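**Student:** Mind having a look at this structure? Questions to follow.
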Amino acid sequence: MSDASYIAEREEAGAAGLDAAYAKTGEARPADYLALLKPRVMSLVVFTGLVGMVLAPGSLHPTLAVTALLCIAIGAGASGAINMWYDADIDAVMARTRGRPIPQGRVSREEALGFGTVLSVGSVLMMGLAVNWVAAAILALTIAFYVFVYTMWLKRRTPQNIVIGGAAGAFPPMLGWAAVTGDVSLMPVLLFAIIFMWTPPHFWALALYRSEDYARAGVPMLPVVAGERETRRQILIYSLLLVPLTLAPWALNLAGPLYGIATAGLGAIFLVLAWRIWRSDDVRPAKHMFAYSILYLFLLFSLLLAERGLGWGA
Amino acid sequence: MMAVPQNDEHKRRRARNIALALVLGALVILFYLITIAKMAGGGQ
């Protein structure tokens, strides 16, 4: 390609918001492929999957347990890569996602799609062949839900995108449980429900102070479509539903008193933050809620892990 | 053989090739360990 045509192609790609010509030069580093897998999201997914695995009755050979966690991590990451392929136009205009490999032109969209697809299929097959096919089916469902239901169907169409789409992020404890037992019972369903109810206040808190970003990208997040006041109200409603739900494992004798007492305290803080969001028009309570919500979920699952480790669990 | 000076693109390609080799090597080891675990009845 001549310099002139290369520059022309670069300019055209730049105008489209996607520096695709740059990607053709093979500039990707291994770290760019890792970034396609959304490693920060992956870490929470692996952690909740591990908790599901530890809480499940029975045991799994350590090699197979590591394999199952690897499959969960790679499956989650692969769906993230496909999400980046589909949402490259949105990512290019949002400040939060502008630095991702595709908008930066270091990886082409097609490459991201191929990478995500191969890893998705590979992780499901490996889960099925090495662990069991129930866990593999749930992993396939999780990936399909995130890609087709959340990314392709809901995200650009409805402010309920992260409510329904949140199910994709709620599957990992169920996956971990199914990897050990080969089935699904009440406890993994409760863990699923907790993450499912936690997702709206978590994401809407972020959306409250990133609403301009979402509006520019044309993503119908609740603050953009229904306004900040309604979003603050919905955060409080979901928080009021979430906190009693987090106590359900203890109330149903599926978790011990350490979990019950600590979760009540952590839930009270969550409700105070939700109340402060509702009462105020400031963005600071929303920022506090977003940061605390991550810690909250991490601590809840750590408590379950600790109780099992100490032998205090029900 | 004379060493050819490498530009940035070569370095990145080399880094990608090394990463891919490491991933493939890790998969071979993992498949071996999975086979041993399954043969030992760990998958039951």
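Chain labels follow the order of the structure tokens: the first chain is A, the next B, and so on; residue numbering restarts at 1 in every chain, and ligands are counted from 1 in their shown order.
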Please, which residues of chain B lie no more than 8 Å from chain A when the count uses only C-alpha atoms, and can they be set out as number ranges by chain?
**Tutor:** B: 9, 12-13, 15-16, 19, 30, 33-34, 37-38, 42-43
**Student:** Please provide as a VMD selection string all residues within 12 Å of Trp153 (chain A), with the sequence filter that same-chain residues fewer than 2 positions apart are discarded (counting only C-alpha atoms).
**Tutor:** chain A and resid 83 86 to 87 144 to 151 155 to 162 164 to 165
**Student:** Save out the residues we just selected, C-alpha atoms, as an mmCIF file, in the first residue's frame.
**Tutor:**
data_model
loop_
_atom_site.group_PDB
_atom_site.id
_atom_site.type_symbol
_atom_site.label_atom_id
_atom_site.label_comp_id
_atom_site.auth_asym_id
_atom_site.auth_seq_id
_atom_site.Cartn_x
_atom_site.Cartn_y
_atom_site.Cartn_z
ATOM 1 C CA ASN A 83 -19.077 -7.479 23.364
ATOM 2 C CA TYR A 86 -20.251 -5.470 18.713
ATOM 3 C CA ASP A 87 -19.982 -2.270 20.757
ATOM 4 C CA ALA A 144 -25.094 -16.535 24.966
ATOM 5 C CA PHE A 145 -27.079 -14.419 27.434
ATOM 6 C CA TYR A 146 -24.349 -11.779 27.651
ATOM 7 C CA VAL A 147 -23.724 -11.653 23.903
ATOM 8 C CA PHE A 148 -27.190 -12.061 22.401
ATOM 9 C CA VAL A 149 -29.611 -10.924 25.117
ATOM 10 C CA TYR A 150 -27.614 -8.127 26.798
ATOM 11 C CA THR A 151 -25.172 -6.844 24.162
ATOM 12 C CA LYS A 155 -28.223 -2.654 25.690
ATOM 13 C CA ARG A 156 -29.229 -0.188 22.960
ATOM 14 C CA ARG A 157 -32.988 -0.622 23.331
ATOM 15 C CA THR A 158 -34.148 -0.326 26.915
ATOM 16 C CA PRO A 159 -33.152 1.217 30.264
ATOM 17 C CA GLN A 160 -33.859 -2.230 31.714
ATOM 18 C CA ASN A 161 -30.711 -3.441 29.895
ATOM 19 C CA ILE A 162 -28.617 -3.957 32.993
ATOM 20 C CA ILE A 164 -32.197 -8.275 32.723
ATOM 21 C CA GLY A 165 -28.643 -8.403 31.369
#
**Student:** For the atom pair CA of Ala167 (chain A) and CA of Leu69 (chain A), what is the interatomic distance in Å to one decimal place?
**Tutor:**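 These two atoms are separated by 18.8 Å.
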**Student:** Please provide as a list of chain:residue names all residues within 9 Å of Arg229 (chain A), with the sequence filter that same-chain residues fewer than 5 positions apart are discarded (counting only C-alpha atoms).
**Tutor:**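 Near neighbours after the sequence-gap exclusion: A:Pro223, A:Gln234, A:Trp278, A:Asp281.
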**Student:** Just N, CA and C atoms for this one: save the residues we selected as a compact mmCIF listing (two decimals), in the first residue's frame.
**Tutor:**
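The resulting file, out36.txt, is reproduced below:
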# COMPACT_ATOMS: atom_id res chain seq x y z
N PRO A 223 -30.69 6.94 33.83
CA PRO A 223 -30.62 8.39 34.04
C PRO A 223 -30.83 9.18 32.74
N GLN A 234 -35.13 4.28 41.91
CA GLN A 234 -34.97 2.85 41.57
C GLN A 234 -33.80 2.22 42.33
N TRP A 278 -30.86 8.89 47.28
CA TRP A 278 -32.25 9.28 47.06
C TRP A 278 -32.52 10.70 47.57
N ASP A 281 -29.08 15.46 45.47
CA ASP A 281 -28.94 15.62 44.02
C ASP A 281 -27.47 15.66 43.63
**Student:** Could you tell me how far CA of Ile143 (chain A) lies from CA of Gly169 (chain A), in Å and to one decimal?
**Tutor:**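 These two atoms are separated by 9.7 Å.
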**Student:** At a cut-off of 8 Å, using only C-alpha atoms, what residues contact Ala207 (chain A)? Leave out same-chain residues fewer than 6 positions from it and give the result as a PyMOL selection string.
**Tutor:** chain A and resi 214+221-223
**Student:** Just the selected residues (N, CA and C atoms), exported as a compact mmCIF listing (two decimals), in the first residue's frame, please.
**Tutor:**
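Written file, selection_36.txt:
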# COMPACT_ATOMS: atom_id res chain seq x y z
N TYR A 214 -22.98 8.08 28.52
CA TYR A 214 -23.96 7.14 27.95
C TYR A 214 -24.87 7.86 26.95
N MET A 221 -29.39 4.32 29.15
CA MET A 221 -29.32 4.00 30.58
C MET A 221 -30.42 4.79 31.31
N LEU A 222 -30.82 4.29 32.47
CA LEU A 222 -31.97 4.88 33.18
C LEU A 222 -31.86 6.40 33.40
N PRO A 223 -30.69 6.94 33.83
CA PRO A 223 -30.62 8.39 34.04
C PRO A 223 -30.83 9.18 32.74
**Student:** What does the distance from CA of Pro172 (chain A) to CA of Ser120 (chain A) come to in Å, to one decimal?
**Tutor:** 14.8 Å
**Student:** Could you check the closest approach to Gly311 (chain A) for each of A:Ile82, A:Met197, A:Leu55, A:Ala170 and tell me which residue wins, using only C-alpha atoms?
**Tutor:** A:Leu55
**Student:** So which residues touch Ile194 (chain A) within 10 Å, counting only C-alpha atoms, skipping near sequence neighbours fewer than 6 positions away, as a ChimeraX atom specification?
**Tutor:** /A:170,188,241-248,297,300
**Student:** Compile the contact shell of region 272-277 of chain A as a PDB file with C-alpha atoms, in the first residue's frame: residues with an atom at most 7 Å away, counting only C-alpha atoms, same-chain residues fewer than 6 positions apart removed.
**Tutor:**
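See around.pdb below for the written result:
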ATOM      1  CA  ARG A 232     -32.218   7.518  42.489  1.00  0.00           C
ATOM      2  CA  ILE A 235     -31.600   2.477  43.306  1.00  0.00           C
ATOM      3  CA  LEU A 236     -33.359   2.771  46.675  1.00  0.00           C
ATOM      4  CA  SER A 239     -31.444  -1.811  47.557  1.00  0.00           C
ATOM      5  CA  PRO A 285     -23.265   9.559  47.195  1.00  0.00           C
ATOM      6  CA  ALA A 286     -23.490   7.758  43.843  1.00  0.00           C
ATOM      7  CA  MET A 289     -22.315   3.642  46.391  1.00  0.00           C
TER       8      MET A 289
END
**Student:** When distances are computed from only C-alpha atoms, which of A:Gly260, A:Gly166, A:Pro220, A:Gly182 shows the smallest separation from Phe203 (chain A)?
**Tutor:** A:Gly166
